[in-house]
Amino acid sequence: MEVKKYSSKEALSQSDKVLLEEAIKSREQAYAPYSRFKVGAALVLEDGTIVKGNNQENAAYPSGLCAERVAIFAASANHPQKQISTMAVTCRHSDKPTHVPFTSCGSCRQVMLEYELNQETPIRTLFYGEDGEVWEVASTKLLLPFFFDKTILE
């Protein structure tokens, strides 16, 4: 997988810093009383609109939802037909420091890819822990190389 690494969030462009800061704010509002693993996502649409999401847990597992899907579904519901250009995702565990970025779960990767394929342009994604490196992936296809898509169902 092709990953561009930045030494810290300070090494990002100004627009990426703003997006990552929005994801961090969203992360802190996550509802994660069971895992204590808070995740925030923020995405920017083609017109500059930023849409945020965070993980929402539920005692009746698996009724919760990941931050990436919350943000993507909110964008689709509230801004239909607008393309997603970049997404930033960040995590923090309440019990121990999260010094390295993490990547999205398989369900989120599949949803991200579906939107990427539908809009016919890549969704660039930034991954961040609570400090340290930032990872950039140019397309969701790189996160899920052997994907399932609608052509299989036709």
# chains A, B, ... in the order shown; residues from 1 in each chain; ligands from 1

$ select_by_dssp --residues "segment 56-105 of chain A" --states "alpha helix (DSSP H)" --output "PyMOL selection string"
chain A and resi 67-78

$ write_last_selection --atoms "C-alpha atoms" --output "CSV table (one decimal), in the first residue's frame"
chain,number,residue,atom,x,y,z
A,67,ALA,CA,-17.0,7.6,12.7
A,68,GLU,CA,-16.2,7.2,9.0
A,69,ARG,CA,-19.7,5.8,8.2
A,70,VAL,CA,-21.4,8.4,10.3
A,71,ALA,CA,-19.6,11.2,8.4
A,72,ILE,CA,-20.1,9.7,5.0
A,73,PHE,CA,-23.8,9.0,5.6
A,74,ALA,CA,-24.4,12.5,7.0
A,75,ALA,CA,-22.7,14.0,3.9
A,76,SER,CA,-24.8,11.9,1.6
A,77,ALA,CA,-28.0,12.6,3.4
A,78,ASN,CA,-27.4,16.4,3.7

$ select_by_dssp --residues "chain A" --states "strand (DSSP E)" --output "JSON, numbers by chain"
{"A": [4, 5, 6, 37, 38, 39, 40, 41, 42, 43, 44, 45, 50, 51, 52, 53, 54, 84, 85, 86, 87, 88, 89, 90, 91, 92, 93, 124, 125, 126, 127, 128, 134, 135, 136, 137]}

$ residues_around --residues "segment 22-38 of chain A" --least-positions-apart "5" --cutoff "9 Å" --atoms "only C-alpha atoms" --output "PDB file with N, CA and C atoms, in the first residue's frame"
ATOM      1  N   LYS A  17      -4.639  20.644   7.917  1.00  0.00           N
ATOM      2  CA  LYS A  17      -4.608  20.879   9.371  1.00  0.00           C
ATOM      3  C   LYS A  17      -6.003  21.220   9.885  1.00  0.00           C
ATOM      4  N   LEU A  43     -14.803  15.149   6.848  1.00  0.00           N
ATOM      5  CA  LEU A  43     -14.545  15.080   5.414  1.00  0.00           C
ATOM      6  C   LEU A  43     -14.872  16.424   4.791  1.00  0.00           C
ATOM      7  N   ILE A  50     -17.427  21.094   5.272  1.00  0.00           N
ATOM      8  CA  ILE A  50     -16.868  20.049   6.131  1.00  0.00           C
ATOM      9  C   ILE A  50     -18.010  19.362   6.866  1.00  0.00           C
ATOM     10  N   VAL A  51     -18.011  18.036   6.818  1.00  0.00           N
ATOM     11  CA  VAL A  51     -19.008  17.222   7.506  1.00  0.00           C
ATOM     12  C   VAL A  51     -18.266  16.335   8.487  1.00  0.00           C
ATOM     13  N   LYS A  52     -18.775  16.256   9.724  1.00  0.00           N
ATOM     14  CA  LYS A  52     -18.087  15.497  10.763  1.00  0.00           C
ATOM     15  C   LYS A  52     -18.909  14.284  11.211  1.00  0.00           C
ATOM     16  N   GLY A  53     -18.209  13.321  11.782  1.00  0.00           N
ATOM     17  CA  GLY A  53     -18.843  12.161  12.381  1.00  0.00           C
ATOM     18  C   GLY A  53     -17.952  11.608  13.464  1.00  0.00           C
ATOM     19  N   ASN A  54     -18.527  10.822  14.355  1.00  0.00           N
ATOM     20  CA  ASN A  54     -17.738  10.139  15.381  1.00  0.00           C
ATOM     21  C   ASN A  54     -18.387   8.806  15.690  1.00  0.00           C
ATOM     22  N   ASN A  55     -17.624   7.933  16.353  1.00  0.00           N
ATOM     23  CA  ASN A  55     -18.191   6.623  16.629  1.00  0.00           C
ATOM     24  C   ASN A  55     -19.292   6.736  17.682  1.00  0.00           C
ATOM     25  N   GLN A  56     -20.312   5.905  17.496  1.00  0.00           N
ATOM     26  CA  GLN A  56     -21.480   5.874  18.361  1.00  0.00           C
ATOM     27  C   GLN A  56     -21.705   4.431  18.788  1.00  0.00           C
ATOM     28  N   GLU A  57     -21.328   4.128  20.020  1.00  0.00           N
ATOM     29  CA  GLU A  57     -21.466   2.754  20.518  1.00  0.00           C
ATOM     30  C   GLU A  57     -22.854   2.529  21.111  1.00  0.00           C
ATOM     31  N   ASN A  58     -23.168   1.269  21.341  1.00  0.00           N
ATOM     32  CA  ASN A  58     -24.446   0.893  21.915  1.00  0.00           C
ATOM     33  C   ASN A  58     -24.249  -0.380  22.714  1.00  0.00           C
ATOM     34  N   ALA A  59     -24.926  -0.497  23.822  1.00  0.00           N
ATOM     35  CA  ALA A  59     -24.814  -1.696  24.649  1.00  0.00           C
ATOM     36  C   ALA A  59     -25.252  -2.936  23.879  1.00  0.00           C
ATOM     37  N   ALA A  67     -17.095   6.142  13.069  1.00  0.00           N
ATOM     38  CA  ALA A  67     -17.034   7.562  12.724  1.00  0.00           C
ATOM     39  C   ALA A  67     -17.040   7.803  11.220  1.00  0.00           C
ATOM     40  N   MET A  87     -10.853  12.939   3.507  1.00  0.00           N
ATOM     41  CA  MET A  87     -11.380  12.587   4.820  1.00  0.00           C
ATOM     42  C   MET A  87     -10.211  12.501   5.793  1.00  0.00           C
ATOM     43  N   ALA A  88     -10.411  12.974   7.010  1.00  0.00           N
ATOM     44  CA  ALA A  88      -9.423  12.826   8.078  1.00  0.00           C
ATOM     45  C   ALA A  88     -10.052  11.987   9.178  1.00  0.00           C
ATOM     46  N   VAL A  89      -9.287  11.027   9.697  1.00  0.00           N
ATOM     47  CA  VAL A  89      -9.772  10.124  10.736  1.00  0.00           C
ATOM     48  C   VAL A  89      -8.740  10.090  11.859  1.00  0.00           C
ATOM     49  N   THR A  90      -9.207  10.219  13.093  1.00  0.00           N
ATOM     50  CA  THR A  90      -8.308  10.230  14.242  1.00  0.00           C
ATOM     51  C   THR A  90      -8.899   9.417  15.388  1.00  0.00           C
ATOM     52  N   CYS A  91      -8.022   8.857  16.199  1.00  0.00           N
ATOM     53  CA  CYS A  91      -8.491   8.041  17.318  1.00  0.00           C
ATOM     54  C   CYS A  91      -7.724   8.371  18.591  1.00  0.00           C
ATOM     55  N   ARG A  92      -8.361   8.033  19.717  1.00  0.00           N
ATOM     56  CA  ARG A  92      -7.716   8.176  21.024  1.00  0.00           C
ATOM     57  C   ARG A  92      -8.359   7.190  21.970  1.00  0.00           C
ATOM     58  N   HIS A  93      -7.546   6.414  22.648  1.00  0.00           N
ATOM     59  CA  HIS A  93      -8.046   5.490  23.663  1.00  0.00           C
ATOM     60  C   HIS A  93      -7.975   6.186  25.013  1.00  0.00           C
ATOM     61  N   SER A  94      -9.041   6.121  25.780  1.00  0.00           N
ATOM     62  CA  SER A  94      -9.093   6.807  27.076  1.00  0.00           C
ATOM     63  C   SER A  94      -8.109   6.263  28.093  1.00  0.00           C
ATOM     64  N   ASP A  95      -7.700   5.001  27.951  1.00  0.00           N
ATOM     65  CA  ASP A  95      -6.855   4.362  28.961  1.00  0.00           C
ATOM     66  C   ASP A  95      -5.367   4.346  28.635  1.00  0.00           C
ATOM     67  N   GLU A 130      -3.385  10.374  18.382  1.00  0.00           N
ATOM     68  CA  GLU A 130      -3.599  11.618  19.129  1.00  0.00           C
ATOM     69  C   GLU A 130      -2.367  12.510  19.085  1.00  0.00           C
TER      70      GLU A 130
END

$ residues_around --residues "Cys105 of chain A" --least-positions-apart "3" --cutoff "12 Å" --atoms "only C-alpha atoms" --output "list of chain:residue names"
A:Val39, A:Leu65, A:Cys66, A:Ala67, A:Glu68, A:Arg69, A:Val89, A:Phe102, A:Cys108, A:Arg109, A:Gln110, A:Val111, A:Met112, A:Thr140, A:Leu143, A:Leu144

$ write_last_selection --atoms "N, CA and C atoms" --output "PDB file, in the first residue's frame"
ATOM      1  N   VAL A  39     -13.218   7.777  18.199  1.00  0.00           N
ATOM      2  CA  VAL A  39     -12.798   8.000  16.818  1.00  0.00           C
ATOM      3  C   VAL A  39     -13.597   9.174  16.266  1.00  0.00           C
ATOM      4  N   LEU A  65     -22.063   2.518  15.381  1.00  0.00           N
ATOM      5  CA  LEU A  65     -21.582   2.844  14.044  1.00  0.00           C
ATOM      6  C   LEU A  65     -20.251   3.580  14.153  1.00  0.00           C
ATOM      7  N   CYS A  66     -19.367   3.315  13.211  1.00  0.00           N
ATOM      8  CA  CYS A  66     -18.037   3.925  13.184  1.00  0.00           C
ATOM      9  C   CYS A  66     -18.097   5.369  12.688  1.00  0.00           C
ATOM     10  N   ALA A  67     -17.095   6.142  13.069  1.00  0.00           N
ATOM     11  CA  ALA A  67     -17.034   7.562  12.724  1.00  0.00           C
ATOM     12  C   ALA A  67     -17.040   7.803  11.220  1.00  0.00           C
ATOM     13  N   GLU A  68     -16.298   7.002  10.474  1.00  0.00           N
ATOM     14  CA  GLU A  68     -16.214   7.200   9.033  1.00  0.00           C
ATOM     15  C   GLU A  68     -17.580   7.075   8.375  1.00  0.00           C
ATOM     16  N   ARG A  69     -18.336   6.047   8.762  1.00  0.00           N
ATOM     17  CA  ARG A  69     -19.651   5.846   8.164  1.00  0.00           C
ATOM     18  C   ARG A  69     -20.644   6.917   8.611  1.00  0.00           C
ATOM     19  N   VAL A  89      -9.287  11.027   9.697  1.00  0.00           N
ATOM     20  CA  VAL A  89      -9.772  10.124  10.736  1.00  0.00           C
ATOM     21  C   VAL A  89      -8.740  10.090  11.859  1.00  0.00           C
ATOM     22  N   PHE A 102      -4.105   4.810  12.900  1.00  0.00           N
ATOM     23  CA  PHE A 102      -4.752   3.534  12.652  1.00  0.00           C
ATOM     24  C   PHE A 102      -5.507   3.679  11.345  1.00  0.00           C
ATOM     25  N   CYS A 108     -15.983   0.006   7.142  1.00  0.00           N
ATOM     26  CA  CYS A 108     -15.808   1.404   6.727  1.00  0.00           C
ATOM     27  C   CYS A 108     -15.088   1.493   5.395  1.00  0.00           C
ATOM     28  N   ARG A 109     -14.080   0.659   5.202  1.00  0.00           N
ATOM     29  CA  ARG A 109     -13.363   0.670   3.927  1.00  0.00           C
ATOM     30  C   ARG A 109     -14.311   0.359   2.776  1.00  0.00           C
ATOM     31  N   GLN A 110     -15.198  -0.608   2.978  1.00  0.00           N
ATOM     32  CA  GLN A 110     -16.153  -0.974   1.927  1.00  0.00           C
ATOM     33  C   GLN A 110     -17.091   0.189   1.624  1.00  0.00           C
ATOM     34  N   VAL A 111     -17.595   0.862   2.651  1.00  0.00           N
ATOM     35  CA  VAL A 111     -18.485   2.005   2.436  1.00  0.00           C
ATOM     36  C   VAL A 111     -17.733   3.149   1.769  1.00  0.00           C
ATOM     37  N   MET A 112     -16.539   3.447   2.251  1.00  0.00           N
ATOM     38  CA  MET A 112     -15.731   4.506   1.650  1.00  0.00           C
ATOM     39  C   MET A 112     -15.502   4.218   0.164  1.00  0.00           C
ATOM     40  N   THR A 140      -9.183   5.142  -1.553  1.00  0.00           N
ATOM     41  CA  THR A 140      -9.682   4.016  -0.762  1.00  0.00           C
ATOM     42  C   THR A 140      -9.349   2.683  -1.419  1.00  0.00           C
ATOM     43  N   LEU A 143      -6.694   0.914   0.221  1.00  0.00           N
ATOM     44  CA  LEU A 143      -7.018   0.297   1.512  1.00  0.00           C
ATOM     45  C   LEU A 143      -7.757  -1.030   1.355  1.00  0.00           C
ATOM     46  N   LEU A 144      -8.406  -1.205   0.224  1.00  0.00           N
ATOM     47  CA  LEU A 144      -9.223  -2.397  -0.004  1.00  0.00           C
ATOM     48  C   LEU A 144      -9.012  -2.881  -1.437  1.00  0.00           C
TER      49      LEU A 144
END

$ closest_residue --among "A:Leu117, A:Lys150, A:Val3, A:Asp131" --to "His99 of chain A" --atoms "only C-alpha atoms"
A:Asp131

$ atom_distance --atom1 "atom CA of Leu19 of chain A" --atom2 "atom CA of Leu113 of chain A"
20.1 Å

$ atom_distance --atom1 "atom CA of Thr121 of chain A" --atom2 "atom CA of Asp47 of chain A"
14.7 Å
